[in-house]
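Trainee: Supplied in structure tokens, the structure appears directly below.
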Amino acid sequence: GLSSSSGNTNQTTANLQASITRRGAFLRLDSSYYANFGETNGETNVENQQLMLEADLFIRDRFYLIPAIFEYYTDTFSNISLRIKPGAGVGYEIARTSDLDWHVSVVGQYQRVDYFSTPAGQNPTFESFAATVASQSRWDITSDITFSGNYSVTIPTAEGASPDQQGIFKLEIDITKYLTLNTTLNWTRIGNPTEQADGETPEPNDVSLSFGLGLDF
């Protein structure tokens, strides 16, 4: 997706989404990438990226193990230089039909967060174990319209830490066999935004709504 304006205000905003899935008889591999960039009058005002990788091993009907899951995240304006969450868990497919795919999962993870800046004397790194509960669904409303919704909540075990949450909801409309029109709502909530060295504390909620073209291949 891309939008641009010029004149009294020079502004450019771009977002990129990519996903690859491989499904076999017993093994499913999922990967996805989201990025948002923007600047106004030459100053960057949006810059975040997220990469997610997951391997699912089906062992009995709809029940599966998650031997490996990994997330990488960075957001300049949430004061997050690096956040990584490797882990493992279990999942279950609630629905698996030609029109609807819905599964839920519970994973245990190690979480490390490095901050761009912190007040003097405060540790610039946060480490904790965490539990993440997630729901992922994909619904073919018609042969040309598809809705997908992903929601997750991560609960750290560290004392005083608050849960992080994220919801990504996408509507895809097929224009041709390979070209789609996409609308995506991405909501991210940081449970405990960390104060920066200048005394400013980022807002906990970030919401982005994007429109763009997609290529299926």
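Residues are named by chain letter and number: chains run A, B, ... in the order of the structure tokens, numbers start at 1 in each chain, and ligands are numbered from 1 in the order shown.
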Skip Ile190 of chain A itself and residues of its chain fewer than 4 positions away, then list as a short mmCIF file (atom, residue, chain, number, x, y, z; two decimals) with N, CA and C atoms, in the first residue's frame all residues within 12 Å of it, counting only C-alpha atoms.
Mentor:
```cif
data_model
loop_
_atom_site.label_atom_id
_atom_site.label_comp_id
_atom_site.auth_asym_id
_atom_site.auth_seq_id
_atom_site.Cartn_x
_atom_site.Cartn_y
_atom_site.Cartn_z
N TYR A 73 10.19 -8.07 16.30
CA TYR A 73 9.41 -6.84 16.21
C TYR A 73 10.30 -5.65 16.54
N ASP A 75 9.85 -1.12 16.65
CA ASP A 75 8.98 0.04 16.44
C ASP A 75 9.66 1.26 17.04
N PHE A 77 8.79 4.37 17.27
CA PHE A 77 7.99 5.32 18.03
C PHE A 77 7.29 4.69 19.23
N SER A 78 7.46 3.38 19.43
CA SER A 78 7.06 2.73 20.68
C SER A 78 8.28 2.48 21.56
N ASN A 79 9.45 3.00 21.14
CA ASN A 79 10.70 2.88 21.88
C ASN A 79 11.18 1.42 21.96
N ILE A 80 10.83 0.61 20.96
CA ILE A 80 11.26 -0.79 20.95
C ILE A 80 12.29 -0.97 19.84
N ARG A 83 12.49 -6.69 19.76
CA ARG A 83 11.75 -7.61 20.62
C ARG A 83 11.74 -8.96 19.94
N VAL A 113 13.27 -7.70 25.23
CA VAL A 113 12.98 -6.40 24.63
C VAL A 113 14.16 -5.46 24.90
N VAL A 153 -2.68 -12.46 22.66
CA VAL A 153 -2.38 -11.75 23.90
C VAL A 153 -1.20 -12.47 24.55
N THR A 154 -0.17 -11.70 24.90
CA THR A 154 1.04 -12.23 25.51
C THR A 154 1.10 -11.77 26.96
N ILE A 155 1.19 -12.73 27.88
CA ILE A 155 1.17 -12.43 29.30
C ILE A 155 2.54 -12.74 29.89
N PRO A 156 3.36 -11.73 30.21
CA PRO A 156 4.68 -11.98 30.80
C PRO A 156 4.55 -12.48 32.24
N ALA A 161 4.42 -6.68 35.13
CA ALA A 161 4.30 -6.52 33.69
C ALA A 161 2.86 -6.72 33.25
N SER A 162 2.43 -5.95 32.26
CA SER A 162 1.07 -6.04 31.74
C SER A 162 1.07 -6.76 30.39
N PRO A 163 -0.06 -7.36 30.01
CA PRO A 163 -0.12 -8.10 28.75
C PRO A 163 0.04 -7.20 27.53
N ASP A 164 0.69 -7.73 26.50
CA ASP A 164 0.72 -7.12 25.18
C ASP A 164 -0.35 -7.78 24.33
N GLN A 165 -0.99 -7.01 23.43
CA GLN A 165 -2.04 -7.55 22.58
C GLN A 165 -1.85 -7.07 21.14
N GLN A 166 -2.35 -7.88 20.22
CA GLN A 166 -2.33 -7.48 18.81
C GLN A 166 -3.49 -8.12 18.07
N THR A 194 7.69 1.92 27.78
CA THR A 194 8.83 2.33 28.59
C THR A 194 9.19 3.79 28.33
N THR A 201 6.71 9.22 27.38
CA THR A 201 6.28 7.82 27.41
C THR A 201 5.38 7.56 26.21
N PRO A 202 5.70 6.58 25.37
CA PRO A 202 4.87 6.31 24.19
C PRO A 202 3.45 5.91 24.57
N GLU A 203 2.51 6.19 23.68
CA GLU A 203 1.14 5.75 23.87
C GLU A 203 1.09 4.21 23.78
N PRO A 204 0.24 3.55 24.57
CA PRO A 204 0.20 2.09 24.54
C PRO A 204 -0.45 1.52 23.28
N ASN A 205 -1.38 2.27 22.67
CA ASN A 205 -2.13 1.75 21.53
C ASN A 205 -1.67 2.39 20.22
N ASP A 206 -1.47 1.53 19.21
CA ASP A 206 -1.21 1.98 17.85
C ASP A 206 -2.21 1.29 16.92
N VAL A 207 -2.88 2.07 16.08
CA VAL A 207 -3.85 1.54 15.14
C VAL A 207 -3.51 2.06 13.74
#
```
Trainee: List every residue of segment 9-176 of chain A that DSSP, applied to the backbone, labels as strand (DSSP E or B), and write the result as JSON, numbers by chain.
Mentor: {"A": [11, 12, 13, 14, 15, 16, 17, 18, 19, 20, 21, 22, 23, 27, 28, 29, 30, 31, 32, 33, 34, 35, 36, 37, 38, 39, 40, 43, 44, 45, 46, 47, 48, 49, 50, 51, 52, 53, 54, 55, 56, 57, 58, 59, 60, 63, 64, 65, 66, 67, 68, 69, 70, 71, 72, 73, 74, 75, 80, 81, 82, 83, 84, 87, 88, 89, 90, 91, 92, 93, 94, 95, 96, 100, 101, 102, 103, 104, 105, 106, 107, 108, 109, 110, 111, 112, 113, 114, 115, 125, 126, 127, 128, 129, 130, 131, 132, 133, 134, 135, 136, 137, 138, 139, 140, 145, 146, 147, 148, 149, 150, 151, 152, 153, 154, 155, 156, 164, 165, 166, 167, 168, 169, 170, 171, 172, 173, 174]}
Trainee: Asp30 of chain A: which residues within 9 Å, counting only C-alpha atoms, same-chain residues fewer than 2 positions away excluded, as a PyMOL selection string?
Mentor: chain A and resi 19-23+28+32+52-56
Trainee: For each of A:Ile141, A:Ala197, A:Ile173, A:Leu100, take the minimum atom-to-atom distance to Asn123 of chain A, counting only C-alpha atoms, then give the residue where this is smallest.
Mentor: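 Residue with the minimum atom-to-atom distance to Asn123 of chain A: A:Ala197.
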Trainee: Between A:Ser137, A:Ser5, A:Gln11, A:Thr74, single out the one closest to Ala35 of chain A, counting only C-alpha atoms.
Mentor: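 That would be A:Thr74, the residue with the smallest distance to Ala35 of chain A.
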Trainee: What gap, in Å, lies between atom CA of Ala88 of chain A and atom CA of Gly24 of chain A?
Mentor: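 Here the two named atoms are 19.7 Å from each other.
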Trainee: Please report the interatomic distance between atom CA of Leu82 of chain A and atom CA of Val104 of chain A in Å with one decimal.
Mentor: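 Computing it gives 26.3 Å between the two atoms.
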Trainee: If you count only C-alpha atoms, which residues fall within 8 Å of Ser152 of chain A, apart from same-chain ones fewer than 6 positions away, as a VMD selection string?
Mentor: chain A and resid 132 to 135 165 to 167
Trainee: What does the structure give for the distance between atom CA of Thr176 of chain A and atom CA of Asn15 of chain A, in Å to one decimal?
Mentor: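 These two atoms are separated by 21.8 Å.
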Trainee: Closest to Leu27 of chain A among A:Glu172, A:Phe58, A:Leu215, A:Thr44, using only C-alpha atoms?
Mentor: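 Of all the options, A:Phe58 lies closest to Leu27 of chain A.
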Trainee: So which one's closest to Asp101 of chain A, A:Gly214, A:Gly149, A:Gly121, A:Gly87? Using only C-alpha atoms, please.
Mentor: A:Gly149
Trainee: Please determine, counting only C-alpha atoms, which residue among A:Leu209, A:Ile84, A:Val90, A:Ala68 has the shortest atom-to-atom distance to Glu127 of chain A.
Mentor: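 For Glu127 of chain A, the nearest of the given residues is A:Ile84.
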